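Text of data_28.txt (compact mmCIF, C-alpha atoms (C1' of nucleotides)) as supplied:
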# COMPACT_ATOMS: atom_id res chain seq x y z
CA MET S 272 28.34 26.23 45.08
CA TYR S 273 25.87 27.27 42.44
CA SER S 274 23.79 25.08 40.19
CA ILE S 275 23.64 26.02 36.53
CA GLY S 276 20.21 27.53 37.08
CA GLU S 277 21.43 29.86 39.81
CA LEU S 278 24.39 30.90 37.71
CA SER S 279 21.98 31.56 34.88
CA LYS S 280 19.81 33.85 37.00
CA ARG S 281 22.70 35.68 38.60
CA CYS S 282 24.45 36.41 35.33
CA GLY S 283 21.46 36.75 33.05
CA VAL S 284 22.74 34.06 30.70
CA LYS S 285 20.42 31.30 29.55
CA ILE S 286 21.23 27.77 30.65
CA PRO S 287 21.87 26.33 27.18
CA THR S 288 24.14 29.28 26.50
CA ILE S 289 26.22 28.48 29.58
CA ARG S 290 26.61 24.93 28.34
CA TYR S 291 27.50 26.32 24.94
CA TYR S 292 30.26 28.46 26.45
CA GLU S 293 31.54 25.36 28.17
CA GLN S 294 31.66 23.52 24.84
CA MET S 295 33.53 26.45 23.34
CA GLY S 296 36.12 26.12 26.07
CA LEU S 297 35.36 29.43 27.78
CA LEU S 298 34.05 28.10 31.06
CA GLU S 299 35.17 24.80 32.48
CA VAL S 300 33.14 23.10 35.22
CA GLU S 301 35.25 22.40 38.27
CA GLU S 302 32.81 20.09 39.96
CA ARG S 303 29.81 17.87 39.41
CA SER S 304 27.22 16.68 41.93
CA GLU S 305 26.87 12.96 42.63
CA GLY S 306 24.13 12.91 40.05
CA ASN S 307 26.40 14.55 37.43
CA GLN S 308 24.94 18.04 37.68
CA ARG S 309 27.21 21.04 37.22
CA ARG S 310 28.33 22.94 40.32
CA TYR S 311 30.08 26.29 40.11
CA SER S 312 32.14 28.31 42.58
CA ALA S 313 32.34 32.10 42.87
CA ASP S 314 35.19 31.86 40.40
CA GLY S 315 32.90 30.37 37.81
CA LEU S 316 30.41 33.13 38.45
CA ASN S 317 33.04 35.81 37.89
CA ARG S 318 34.25 34.12 34.78
CA LEU S 319 30.75 33.93 33.37
CA SER S 320 30.16 37.60 34.17
CA PHE S 321 33.31 38.45 32.27
CA ILE S 322 32.13 36.42 29.30
CA ARG S 323 28.65 37.88 29.41
CA HIS S 324 29.93 41.40 29.62
CA SER S 325 32.40 40.87 26.81
CA ARG S 326 29.65 39.46 24.61
CA ASP S 327 27.47 42.46 25.44
CA LEU S 328 30.29 44.63 24.20
CA GLY S 329 30.31 42.62 21.00
CA PHE S 330 33.54 40.67 21.38
CA SER S 331 33.57 37.34 19.57
CA ILE S 332 33.98 34.03 21.32
CA GLY S 333 37.50 33.83 19.91
CA ASP S 334 38.38 37.27 21.27
CA ILE S 335 36.96 36.35 24.64
CA ARG S 336 39.00 33.18 24.75
CA GLN S 337 42.12 35.28 24.29
CA LEU S 338 41.04 37.92 26.78
CA LEU S 339 40.31 35.27 29.39
CA GLU S 340 43.70 33.71 28.80
CA LEU S 341 45.41 37.10 29.12
CA SER S 342 43.56 37.91 32.32
CA ARG S 343 44.69 34.74 34.06
CA HIS S 344 47.87 36.25 35.42
CA ARG S 345 47.98 39.69 36.95
CA GLU S 346 51.56 40.26 35.88
CA ASN S 347 50.93 39.61 32.15
CA PRO S 348 51.47 42.57 29.89
CA CYS S 349 48.13 43.86 28.66
CA LYS S 350 49.14 45.14 25.25
CA ASP S 351 47.43 42.22 23.53
CA ALA S 352 44.20 43.03 25.34
CA HIS S 353 44.46 46.61 24.15
CA ASP S 354 45.02 45.43 20.60
CA ILE S 355 41.94 43.25 20.70
CA ALA S 356 39.84 46.09 22.09
CA ALA S 357 41.18 48.58 19.56
CA ARG S 358 40.54 46.25 16.65
CA HIS S 359 37.02 45.68 17.88
CA LEU S 360 36.47 49.41 18.30
CA ARG S 361 37.50 50.00 14.69
CA ALA S 362 35.11 47.27 13.53
CA VAL S 363 32.27 48.85 15.50
CA GLN S 364 33.01 52.28 14.07
CA GLN S 365 33.01 50.89 10.57
CA ARG S 366 29.66 49.24 11.13
CA ILE S 367 28.26 52.49 12.46
CA ARG S 368 29.41 54.35 9.37
CA LYS S 369 27.88 51.78 7.09
CA LEU S 370 24.60 51.74 8.98
CA LYS S 371 24.40 55.53 8.87
CA ARG S 372 24.72 55.54 5.11
CA LEU S 373 22.00 52.91 5.04
CA GLU S 374 19.84 55.00 7.31
CA GLN S 375 20.10 58.00 4.99
CA GLU S 376 19.14 55.91 2.01
CA LEU S 377 16.22 54.29 3.78
CA LYS S 378 14.97 57.63 5.06
CA ARG S 379 15.08 59.11 1.60
CA ILE S 380 13.25 56.14 0.13
CA SER S 381 10.62 56.20 2.84
CA LEU S 382 9.56 59.73 1.99
CA CYS S 383 7.66 58.37 -1.00
CA GLU S 384 3.98 59.32 -1.04
CA ALA S 385 2.88 57.24 -3.97
CA GLY S 386 -0.15 55.00 -3.75
CA THR S 387 0.78 52.26 -6.16
CA VAL S 388 3.84 50.24 -7.04
CA ALA S 389 4.03 51.95 -10.43
CA ASP S 390 5.59 55.07 -8.96
CA CYS S 391 6.70 53.94 -5.54
CA ALA S 392 10.18 55.10 -4.62
CA VAL S 393 10.84 52.11 -2.42
CA ILE S 394 10.33 49.63 -5.20
CA GLU S 395 11.90 51.82 -7.81
CA THR S 396 15.05 52.46 -5.85
CA LEU S 397 15.51 48.83 -5.03
CA ALA S 398 15.24 48.00 -8.69
CA ASP S 399 17.80 50.56 -9.72
CA HIS S 400 20.97 51.10 -7.81
CA ALA S 401 21.78 54.20 -9.85
CA GLN S 402 19.13 56.06 -7.87
CA CYS S 403 21.11 55.81 -4.68
CA GLU S 404 22.93 58.88 -3.48
CA THR S 405 25.61 57.20 -1.44
CA GLU S 406 27.74 54.12 -1.72
CA HIS S 407 26.82 51.03 0.23
CA MET G 106 20.37 34.66 -22.50
CA TYR G 107 22.95 34.81 -19.74
CA SER G 108 24.75 31.95 -18.08
CA ILE G 109 24.98 32.00 -14.32
CA GLY G 110 28.58 33.19 -14.59
CA GLU G 111 27.64 36.20 -16.67
CA LEU G 112 24.82 37.07 -14.32
CA SER G 113 27.27 36.79 -11.47
CA LYS G 114 29.70 39.24 -13.04
CA ARG G 115 27.05 41.71 -14.13
CA CYS G 116 25.36 41.85 -10.73
CA GLY G 117 28.36 41.33 -8.51
CA VAL G 118 26.78 38.34 -6.82
CA LYS G 119 28.76 35.13 -6.38
CA ILE G 120 27.56 32.06 -8.23
CA PRO G 121 26.76 29.94 -5.16
CA THR G 122 24.82 32.90 -3.78
CA ILE G 123 22.68 33.06 -6.92
CA ARG G 124 21.88 29.38 -6.53
CA TYR G 125 21.12 30.02 -2.88
CA TYR G 126 18.64 32.77 -3.80
CA GLU G 127 17.03 30.31 -6.17
CA GLN G 128 16.68 27.78 -3.36
CA MET G 129 15.14 30.46 -1.18
CA GLY G 130 12.55 31.09 -3.87
CA LEU G 131 13.68 34.59 -4.80
CA LEU G 132 14.87 33.92 -8.31
CA GLU G 133 13.38 31.18 -10.43
CA VAL G 134 15.21 29.94 -13.52
CA GLU G 135 13.04 30.21 -16.58
CA GLU G 136 15.21 28.10 -18.84
CA ARG G 137 17.92 25.48 -18.87
CA SER G 138 20.34 24.59 -21.65
CA GLU G 139 20.22 21.10 -23.19
CA GLY G 140 22.91 20.12 -20.73
CA ASN G 141 20.88 21.41 -17.77
CA GLN G 142 22.75 24.66 -17.24
CA ARG G 143 20.85 27.74 -16.06
CA ARG G 144 19.98 30.42 -18.61
CA TYR G 145 18.65 33.81 -17.60
CA SER G 146 16.84 36.56 -19.50
CA ALA G 147 17.10 40.32 -18.93
CA ASP G 148 14.23 39.83 -16.51
CA GLY G 149 16.31 37.54 -14.37
CA LEU G 150 19.11 40.07 -14.40
CA ASN G 151 16.81 42.83 -13.20
CA ARG G 152 15.38 40.61 -10.54
CA LEU G 153 18.82 39.70 -9.26
CA SER G 154 19.84 43.38 -9.21
CA PHE G 155 16.77 44.11 -7.14
CA ILE G 156 17.70 41.33 -4.72
CA ARG G 157 21.32 42.38 -4.54
CA HIS G 158 20.46 45.97 -3.93
CA SER G 159 17.91 45.09 -1.26
CA ARG G 160 20.46 42.92 0.50
CA ASP G 161 22.96 45.76 0.36
CA LEU G 162 20.39 47.87 2.12
CA GLY G 163 20.11 45.19 4.75
CA PHE G 164 16.69 43.76 3.97
CA SER G 165 16.27 40.13 4.97
CA ILE G 166 15.52 37.38 2.51
CA GLY G 167 11.98 37.26 3.89
CA ASP G 168 11.50 40.99 3.37
CA ILE G 169 12.85 40.71 -0.14
CA ARG G 170 10.48 37.90 -0.96
CA GLN G 171 7.59 40.17 0.03
CA LEU G 172 8.98 43.19 -1.79
CA LEU G 173 9.45 41.16 -4.96
CA GLU G 174 5.89 39.89 -4.69
CA LEU G 175 4.58 43.43 -4.20
CA SER G 176 6.54 44.75 -7.15
CA ARG G 177 5.09 42.23 -9.57
CA HIS G 178 2.11 44.36 -10.48
CA ARG G 179 2.37 48.05 -11.16
CA GLU G 180 -1.13 48.75 -9.94
CA ASN G 181 -0.60 47.16 -6.49
CA PRO G 182 -0.83 49.55 -3.58
CA CYS G 183 2.60 50.15 -2.15
CA LYS G 184 1.68 50.71 1.47
CA ASP G 185 3.05 47.30 2.42
CA ALA G 186 6.38 48.14 0.82
CA HIS G 187 6.51 51.35 2.83
CA ASP G 188 5.77 49.46 6.00
CA ILE G 189 8.59 47.01 5.36
CA ALA G 190 11.02 49.84 4.64
CA ALA G 191 9.93 51.81 7.69
CA ARG G 192 10.26 48.80 9.97
CA HIS G 193 13.71 48.15 8.59
CA LEU G 194 14.67 51.79 9.06
CA ARG G 195 13.67 51.62 12.72
CA ALA G 196 15.72 48.45 13.16
CA VAL G 197 18.74 50.12 11.58
CA GLN G 198 18.38 53.16 13.80
CA GLN G 199 18.17 51.00 16.86
CA ARG G 200 21.32 49.15 15.88
CA ILE G 201 23.09 52.44 15.35
CA ARG G 202 22.12 53.63 18.82
CA LYS G 203 23.32 50.42 20.40
CA LEU G 204 26.60 50.46 18.49
CA LYS G 205 27.23 54.07 19.50
CA ARG G 206 26.88 53.22 23.16
CA LEU G 207 29.28 50.36 22.56
CA GLU G 208 31.68 52.69 20.81
CA GLN G 209 31.71 55.06 23.78
CA GLU G 210 32.40 52.23 26.17
CA LEU G 211 35.15 50.76 24.03
CA LYS G 212 36.77 54.14 23.56
CA ARG G 213 36.78 54.76 27.25
CA ILE G 214 38.25 51.35 27.97
CA SER G 215 40.91 51.75 25.31
CA LEU G 216 42.34 54.84 26.95
CA CYS G 217 44.04 52.60 29.50
CA GLU G 218 47.79 53.14 29.73
CA ALA G 219 48.60 50.30 32.07
CA GLY G 220 51.36 47.86 31.32
CA THR G 221 50.11 44.76 33.03
CA VAL G 222 46.85 42.95 33.47
CA ALA G 223 46.79 43.83 37.16
CA ASP G 224 45.62 47.36 36.47
CA CYS G 225 44.43 47.20 32.88
CA ALA G 226 41.11 48.92 32.30
CA VAL G 227 40.16 46.61 29.46
CA ILE G 228 40.35 43.51 31.59
CA GLU G 229 38.99 45.21 34.66
CA THR G 230 35.97 46.63 32.93
CA LEU G 231 35.13 43.36 31.31
CA ALA G 232 35.25 41.67 34.66
CA ASP G 233 32.96 44.20 36.27
CA HIS G 234 29.91 45.53 34.59
CA ALA G 235 29.41 48.14 37.30
CA GLN G 236 32.27 50.12 35.78
CA CYS G 237 30.32 50.83 32.64
CA GLU G 238 28.87 54.27 32.22
CA THR G 239 26.05 53.42 29.87
CA GLU G 240 23.59 50.62 29.44
CA HIS G 241 24.23 47.99 26.81
C1' DA L 16 7.02 8.45 48.94
C1' DT L 17 5.76 11.41 45.64
C1' DA L 18 5.32 15.45 42.90
C1' DA L 19 7.33 19.39 40.96
C1' DT L 20 11.13 21.29 39.40
C1' DC L 21 15.53 21.11 37.88
C1' DC L 22 19.14 19.11 35.24
C1' DC L 23 21.48 15.81 31.83
C1' DT L 24 23.03 14.65 26.77
C1' DC L 25 22.25 14.75 22.04
C1' DT L 26 20.51 16.39 17.77
C1' DA L 27 18.93 19.79 14.76
C1' DG L 28 17.48 24.48 13.45
C1' DT L 29 18.38 29.66 12.72
C1' DG L 30 20.29 33.36 8.58
C1' DA L 31 22.84 34.19 4.71
C1' DC L 32 25.88 32.55 2.80
C1' DT L 33 30.69 29.89 1.62
C1' DA L 34 33.64 25.87 0.47
C1' DG L 35 34.54 21.56 -1.36
C1' DA L 36 33.91 16.94 -3.61
C1' DG L 37 33.01 14.58 -7.58
C1' DG L 38 31.12 14.71 -11.84
C1' DT L 39 29.04 16.90 -16.53
C1' DT L 40 28.74 20.40 -20.30
C1' DC L 41 30.27 24.02 -23.15
C1' DA L 42 33.16 26.73 -26.47
C1' DA L 43 37.35 27.28 -28.90
C1' DG L 44 41.34 25.69 -31.33
C1' DG L 45 43.61 22.18 -34.16
C1' DC U 124 35.68 15.62 -35.41
C1' DC U 125 38.35 15.71 -31.25
C1' DT U 126 40.46 17.48 -27.40
C1' DT U 127 41.29 20.59 -23.74
C1' DG U 128 40.18 23.69 -20.20
C1' DA U 129 36.95 26.54 -18.25
C1' DA U 130 32.52 26.79 -16.68
C1' DC U 131 28.79 24.46 -14.88
C1' DC U 132 25.96 20.78 -12.18
C1' DT U 133 24.23 18.67 -7.46
C1' DC U 134 24.94 17.59 -2.82
C1' DT U 135 26.87 17.97 1.67
C1' DA U 136 28.84 20.35 5.34
C1' DG U 137 30.84 24.40 7.66
C1' DT U 138 30.47 29.32 9.52
C1' DC U 139 28.76 32.16 14.16
C1' DA U 140 26.41 32.36 18.49
C1' DC U 141 23.16 30.65 20.01
C1' DT U 142 18.11 28.34 20.63
C1' DA U 143 14.67 24.54 20.80
C1' DG U 144 13.19 20.07 21.65
C1' DA U 145 13.26 15.04 22.77
C1' DG U 146 13.76 11.72 26.10
C1' DG U 147 15.44 10.75 30.18
C1' DG U 148 17.71 11.21 35.25
C1' DA U 149 18.51 14.13 39.79
C1' DT U 150 17.15 17.07 43.46
C1' DT U 151 14.15 19.21 46.70
C1' DA U 152 10.00 20.17 49.31
C1' DT U 153 6.06 18.33 51.26
Could you take the file, read its structure, and then write that structure out as structure tokens?
Amino acid sequence: MYSIGELSKRCGVKIPTIRYYEQMGLLEVEERSEGNQRRYSADGLNRLSFIRHSRDLGFSIGDIRQLLELSRHRENPCKDAHDIAARHLRAVQQRIRKLKRLEQELKRISLCEAGTVADCAVIETLADHAQCETEH
Amino acid sequence: MYSIGELSKRCGVKIPTIRYYEQMGLLEVEERSEGNQRRYSADGLNRLSFIRHSRDLGFSIGDIRQLLELSRHRENPCKDAHDIAARHLRAVQQRIRKLKRLEQELKRISLCEAGTVADCAVIETLADHAQCETEH
DNA sequence: ATAATCCCTCTAGTGACTAGAGGTTCAAGG
DNA sequence: CCTTGAACCTCTAGTCACTAGAGGGATTAT
């Protein structure tokens, strides 16, 4: 049996965050001590690792709820899990594309060598969208 | 003089968002109609374009506040503006790197051809961080 | 027994909006 | 001049995934 603090250390998830996951219905507490403190089994630890890892990979709480539900039974089909992962992958790829366009624009702007605001490319570009070379 | 609705259309910024920018101190209203409705000059329109464009480039409200302050006087040195842009560029690049690692991991996971949860790579990988090939 | 550390619940704050309630003002047509 | 409908007003609360703090109780080691 682990206390919430031990779970926190072992999984690298802050204590209030564990309680937050509980509130969100991702991690139920099976047991409490006599003094009402949370006690977790190895199962809880695994579940929290799953959550933590999924969050690291950028899945939303809602996605994780579904993934946890799907993973409950070994004989479940895993197509839904694949769909969730694929959708997330597409979202990530889209964000990368957008950020790369941003990066180009910011790089270009940052080349400015001016000394004053009057002819500074940063300020000027921000004031005038027409100066941008790519969409964003 | 533009009403808030006109400003909204011209800049592509939703009306509640314009009011929000006002609350955040980015865009003061110079004038009100007799019936207390906001009226903007061409100056306000330019300012809102600047804000909109900066947001599109991912600058935070705080950054924008500073950039707007810096841009008020043409003779101001623009080193601070460069610093803000450079810092933002680094942040963007870091996010890109992180997202690319994520992308790799998600791609790898998504290759799974299993039919059930029992041997699905998505579920399995989420449950066990050790299976990941890169840091994230 | 006591001190130090851990844990409890509850509320509120973050950033950048978005949505809705409930009411007022404006502009155009008759 | 009057009415209608669209546009506007303020204020509150919700979003997401946490994070921080207050004010108190439980556990553990000495």
Residue list for chain S near chain G as a PyMOL selection string, 6 Å, all atoms listed in the file
chain S and resi 321+324-325+345-349+367+386-389+397-398
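For L:DG28, the residues within 12 Å (counting only C-alpha atoms (C1' of nucleotides), excluding itself and residues fewer than 4 positions away along the chain) are U:DC141, U:DT142, U:DA143, U:DG144.
You will find atom CA of G:Gly110 at 11.3 Å from atom C1' of U:DA129.
For L:DC41, the non-local neighbours within 10 Å, defined as residues at least 4 positions apart in the same chain or in other chains and counting only C-alpha atoms (C1' of nucleotides), are G:Gly140, G:Gln142, U:DA129, U:DA130, U:DC131.
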Given identical sequences, can you show me chain S least-squares superposed on chain G via all its Cα atoms in order, as a short mmCIF file (atom, residue, chain, number, x, y, z; two decimals) with C-alpha atoms, keeping the file's coordinate frame?
data_model
loop_
_atom_site.label_atom_id
_atom_site.label_comp_id
_atom_site.auth_asym_id
_atom_site.auth_seq_id
_atom_site.Cartn_x
_atom_site.Cartn_y
_atom_site.Cartn_z
CA MET S 272 20.47 34.72 -22.50
CA TYR S 273 23.01 34.82 -19.72
CA SER S 274 24.79 31.94 -18.08
CA ILE S 275 25.00 31.98 -14.30
CA GLY S 276 28.59 33.18 -14.53
CA GLU S 277 27.68 36.20 -16.62
CA LEU S 278 24.83 37.05 -14.30
CA SER S 279 27.26 36.76 -11.43
CA LYS S 280 29.70 39.21 -12.98
CA ARG S 281 27.06 41.68 -14.07
CA CYS S 282 25.37 41.83 -10.70
CA GLY S 283 28.34 41.28 -8.44
CA VAL S 284 26.73 38.28 -6.77
CA LYS S 285 28.71 35.08 -6.33
CA ILE S 286 27.51 32.02 -8.21
CA PRO S 287 26.67 29.90 -5.16
CA THR S 288 24.74 32.84 -3.78
CA ILE S 289 22.62 33.03 -6.93
CA ARG S 290 21.82 29.36 -6.55
CA TYR S 291 21.04 30.01 -2.91
CA TYR S 292 18.57 32.74 -3.84
CA GLU S 293 16.96 30.29 -6.22
CA GLN S 294 16.59 27.75 -3.41
CA MET S 295 15.05 30.45 -1.24
CA GLY S 296 12.47 31.06 -3.93
CA LEU S 297 13.63 34.57 -4.84
CA LEU S 298 14.82 33.90 -8.35
CA GLU S 299 13.35 31.17 -10.49
CA VAL S 300 15.21 29.94 -13.58
CA GLU S 301 13.08 30.22 -16.68
CA GLU S 302 15.26 28.10 -18.89
CA ARG S 303 17.98 25.49 -18.92
CA SER S 304 20.45 24.63 -21.68
CA GLU S 305 20.38 21.16 -23.23
CA GLY S 306 23.06 20.20 -20.78
CA ASN S 307 20.96 21.43 -17.81
CA GLN S 308 22.81 24.69 -17.26
CA ARG S 309 20.89 27.74 -16.08
CA ARG S 310 20.04 30.43 -18.64
CA TYR S 311 18.68 33.81 -17.63
CA SER S 312 16.90 36.57 -19.53
CA ALA S 313 17.14 40.33 -18.93
CA ASP S 314 14.24 39.84 -16.54
CA GLY S 315 16.31 37.54 -14.40
CA LEU S 316 19.11 40.07 -14.41
CA ASN S 317 16.80 42.83 -13.21
CA ARG S 318 15.36 40.61 -10.56
CA LEU S 319 18.80 39.69 -9.28
CA SER S 320 19.81 43.36 -9.21
CA PHE S 321 16.76 44.09 -7.12
CA ILE S 322 17.66 41.31 -4.73
CA ARG S 323 21.28 42.34 -4.54
CA HIS S 324 20.42 45.94 -3.91
CA SER S 325 17.86 45.05 -1.26
CA ARG S 326 20.41 42.86 0.51
CA ASP S 327 22.92 45.70 0.37
CA LEU S 328 20.35 47.83 2.12
CA GLY S 329 20.06 45.15 4.77
CA PHE S 330 16.64 43.72 3.99
CA SER S 331 16.20 40.09 4.97
CA ILE S 332 15.44 37.35 2.50
CA GLY S 333 11.90 37.23 3.87
CA ASP S 334 11.44 40.97 3.37
CA ILE S 335 12.79 40.70 -0.15
CA ARG S 336 10.40 37.90 -0.96
CA GLN S 337 7.54 40.18 0.02
CA LEU S 338 8.94 43.18 -1.80
CA LEU S 339 9.40 41.15 -4.97
CA GLU S 340 5.85 39.89 -4.71
CA LEU S 341 4.54 43.44 -4.21
CA SER S 342 6.51 44.75 -7.16
CA ARG S 343 5.05 42.23 -9.57
CA HIS S 344 2.08 44.37 -10.50
CA ARG S 345 2.39 48.06 -11.18
CA GLU S 346 -1.12 48.77 -9.96
CA ASN S 347 -0.62 47.20 -6.49
CA PRO S 348 -0.84 49.59 -3.60
CA CYS S 349 2.60 50.17 -2.15
CA LYS S 350 1.70 50.72 1.48
CA ASP S 351 3.04 47.31 2.45
CA ALA S 352 6.37 48.14 0.83
CA HIS S 353 6.50 51.35 2.83
CA ASP S 354 5.77 49.45 6.01
CA ILE S 355 8.58 47.01 5.36
CA ALA S 356 11.01 49.84 4.65
CA ALA S 357 9.93 51.81 7.71
CA ARG S 358 10.26 48.81 9.98
CA HIS S 359 13.71 48.14 8.61
CA LEU S 360 14.68 51.78 9.06
CA ARG S 361 13.68 51.62 12.72
CA ALA S 362 15.73 48.44 13.18
CA VAL S 363 18.75 50.10 11.59
CA GLN S 364 18.39 53.17 13.80
CA GLN S 365 18.19 51.01 16.87
CA ARG S 366 21.33 49.16 15.90
CA ILE S 367 23.11 52.45 15.34
CA ARG S 368 22.14 53.66 18.80
CA LYS S 369 23.34 50.47 20.39
CA LEU S 370 26.62 50.50 18.50
CA LYS S 371 27.25 54.11 19.49
CA ARG S 372 26.88 53.28 23.15
CA LEU S 373 29.28 50.41 22.57
CA GLU S 374 31.69 52.71 20.82
CA GLN S 375 31.75 55.10 23.78
CA GLU S 376 32.42 52.27 26.18
CA LEU S 377 35.16 50.79 24.04
CA LYS S 378 36.80 54.17 23.56
CA ARG S 379 36.82 54.80 27.27
CA ILE S 380 38.28 51.38 27.98
CA SER S 381 40.93 51.77 25.32
CA LEU S 382 42.38 54.86 26.96
CA CYS S 383 44.07 52.64 29.52
CA GLU S 384 47.83 53.12 29.73
CA ALA S 385 48.65 50.31 32.08
CA GLY S 386 51.40 47.85 31.30
CA THR S 387 50.14 44.75 33.02
CA VAL S 388 46.85 42.94 33.44
CA ALA S 389 46.82 43.82 37.14
CA ASP S 390 45.64 47.35 36.46
CA CYS S 391 44.46 47.19 32.89
CA ALA S 392 41.14 48.92 32.31
CA VAL S 393 40.18 46.62 29.48
CA ILE S 394 40.36 43.52 31.60
CA GLU S 395 39.02 45.21 34.67
CA THR S 396 35.99 46.64 32.96
CA LEU S 397 35.13 43.38 31.32
CA ALA S 398 35.25 41.69 34.68
CA ASP S 399 32.99 44.22 36.31
CA HIS S 400 29.93 45.55 34.63
CA ALA S 401 29.45 48.16 37.35
CA GLN S 402 32.32 50.11 35.82
CA CYS S 403 30.37 50.84 32.69
CA GLU S 404 28.92 54.29 32.26
CA THR S 405 26.10 53.45 29.92
CA GLU S 406 23.63 50.66 29.50
CA HIS S 407 24.21 48.02 26.87
#
Env of U:DG147: 12 Å cut, atoms = all atoms listed in the file, seq-sep filter 2 positions within chain, self excluded. Answer as a PyMOL selection string.
(chain L and resi 22-25) or (chain U and resi 145+149)
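The space between atom CA of S:Arg336 and atom CA of S:Glu301 spans 17.7 Å.
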Counting all atoms listed in the file, which of S:Ser331, S:Gln294, S:Ser274, S:Ser279 gets nearest to U:DC139?
S:Ser331
Distance table requested - chain S against chain U, cut-off 12 Å, all atoms listed in the file: one row per qualifying residue with the closest atom pair and its distance in Å to one decimal, ordered by chain and rising residue number, as CSV.
residue,atom,partner,partner_atom,distance
S:Ser274,CA,U:DT150,C1',10.9
S:Val284,CA,U:DC141,C1',11.2
S:Lys285,CA,U:DT142,C1',9.7
S:Ile286,CA,U:DT142,C1',10.5
S:Pro287,CA,U:DT142,C1',7.8
S:Thr288,CA,U:DC141,C1',6.7
S:Ile289,CA,U:DC141,C1',10.3
S:Arg290,CA,U:DC141,C1',10.7
S:Tyr291,CA,U:DC141,C1',7.9
S:Tyr292,CA,U:DA140,C1',9.7
S:Met295,CA,U:DA140,C1',10.4
S:Arg303,CA,U:DA149,C1',11.9
S:Ser304,CA,U:DA149,C1',9.3
S:Glu305,CA,U:DA149,C1',8.9
S:Gly306,CA,U:DA149,C1',5.8
S:Asn307,CA,U:DA149,C1',8.2
S:Gln308,CA,U:DA149,C1',7.8
S:Arg309,CA,U:DA149,C1',11.4
S:Arg326,CA,U:DA140,C1',9.9
S:Gly329,CA,U:DA140,C1',11.3
S:Phe330,CA,U:DA140,C1',11.3
S:Ser331,CA,U:DA140,C1',8.8
S:Ile332,CA,U:DA140,C1',8.3
S:Gly333,CA,U:DC139,C1',10.6
Please, could you write that set of residues out with C-alpha atoms as a PDB file, keeping the file's coordinate frame?
ATOM      1  CA  SER S 274      23.790  25.080  40.190  1.00  0.00           C
ATOM      2  CA  VAL S 284      22.740  34.060  30.700  1.00  0.00           C
ATOM      3  CA  LYS S 285      20.420  31.300  29.550  1.00  0.00           C
ATOM      4  CA  ILE S 286      21.230  27.770  30.650  1.00  0.00           C
ATOM      5  CA  PRO S 287      21.870  26.330  27.180  1.00  0.00           C
ATOM      6  CA  THR S 288      24.140  29.280  26.500  1.00  0.00           C
ATOM      7  CA  ILE S 289      26.220  28.480  29.580  1.00  0.00           C
ATOM      8  CA  ARG S 290      26.610  24.930  28.340  1.00  0.00           C
ATOM      9  CA  TYR S 291      27.500  26.320  24.940  1.00  0.00           C
ATOM     10  CA  TYR S 292      30.260  28.460  26.450  1.00  0.00           C
ATOM     11  CA  MET S 295      33.530  26.450  23.340  1.00  0.00           C
ATOM     12  CA  ARG S 303      29.810  17.870  39.410  1.00  0.00           C
ATOM     13  CA  SER S 304      27.220  16.680  41.930  1.00  0.00           C
ATOM     14  CA  GLU S 305      26.870  12.960  42.630  1.00  0.00           C
ATOM     15  CA  GLY S 306      24.130  12.910  40.050  1.00  0.00           C
ATOM     16  CA  ASN S 307      26.400  14.550  37.430  1.00  0.00           C
ATOM     17  CA  GLN S 308      24.940  18.040  37.680  1.00  0.00           C
ATOM     18  CA  ARG S 309      27.210  21.040  37.220  1.00  0.00           C
ATOM     19  CA  ARG S 326      29.650  39.460  24.610  1.00  0.00           C
ATOM     20  CA  GLY S 329      30.310  42.620  21.000  1.00  0.00           C
ATOM     21  CA  PHE S 330      33.540  40.670  21.380  1.00  0.00           C
ATOM     22  CA  SER S 331      33.570  37.340  19.570  1.00  0.00           C
ATOM     23  CA  ILE S 332      33.980  34.030  21.320  1.00  0.00           C
ATOM     24  CA  GLY S 333      37.500  33.830  19.910  1.00  0.00           C
TER      25      GLY S 333
END
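Atom to atom, atom CA of S:Arg358 and atom CA of S:Gln337 stand 13.5 Å apart.
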Closest atom pairs, chain L residues within 10 Å of chain G, all atoms listed in the file, as CSV:
residue,atom,partner,partner_atom,distance
L:DG30,C1',G:Ser165,CA,8.7
L:DA31,C1',G:Ile166,CA,8.3
L:DC32,C1',G:Thr122,CA,6.7
L:DT33,C1',G:Pro121,CA,7.8
L:DA34,C1',G:Pro121,CA,9.8
L:DT39,C1',G:Gly140,CA,8.1
L:DT40,C1',G:Gly140,CA,5.9
L:DC41,C1',G:Gly140,CA,8.7
Would you compute the box with edges along x, y and z of the file around stretch 31-34 of chain L, including every atom the file lists for it and 3 Å extra on each side, and give its centre and edge lengths in Å to one decimal, as lines of an AutoDock Vina configuration file?
center_x = 28.2
center_y = 30.0
center_z = 2.6
size_x = 16.8
size_y = 14.3
size_z = 10.2
Complete stretch 152-156 of chain G at the level of N, CA and C atoms, written as an mmCIF file, in the coordinates of the input.
data_model
loop_
_atom_site.group_PDB
_atom_site.id
_atom_site.type_symbol
_atom_site.label_atom_id
_atom_site.label_comp_id
_atom_site.auth_asym_id
_atom_site.auth_seq_id
_atom_site.Cartn_x
_atom_site.Cartn_y
_atom_site.Cartn_z
ATOM 1 N N ARG G 152 15.827 41.165 -11.811
ATOM 2 C CA ARG G 152 15.380 40.610 -10.540
ATOM 3 C C ARG G 152 16.561 40.435 -9.596
ATOM 4 N N LEU G 153 17.655 39.905 -10.118
ATOM 5 C CA LEU G 153 18.820 39.700 -9.260
ATOM 6 C C LEU G 153 19.396 41.036 -8.788
ATOM 7 N N SER G 154 19.369 42.060 -9.645
ATOM 8 C CA SER G 154 19.840 43.380 -9.210
ATOM 9 C C SER G 154 18.995 43.887 -8.047
ATOM 10 N N PHE G 155 17.703 43.713 -8.196
ATOM 11 C CA PHE G 155 16.770 44.110 -7.140
ATOM 12 C C PHE G 155 17.138 43.409 -5.828
ATOM 13 N N ILE G 156 17.359 42.119 -5.919
ATOM 14 C CA ILE G 156 17.700 41.330 -4.720
ATOM 15 C C ILE G 156 19.009 41.828 -4.126
#
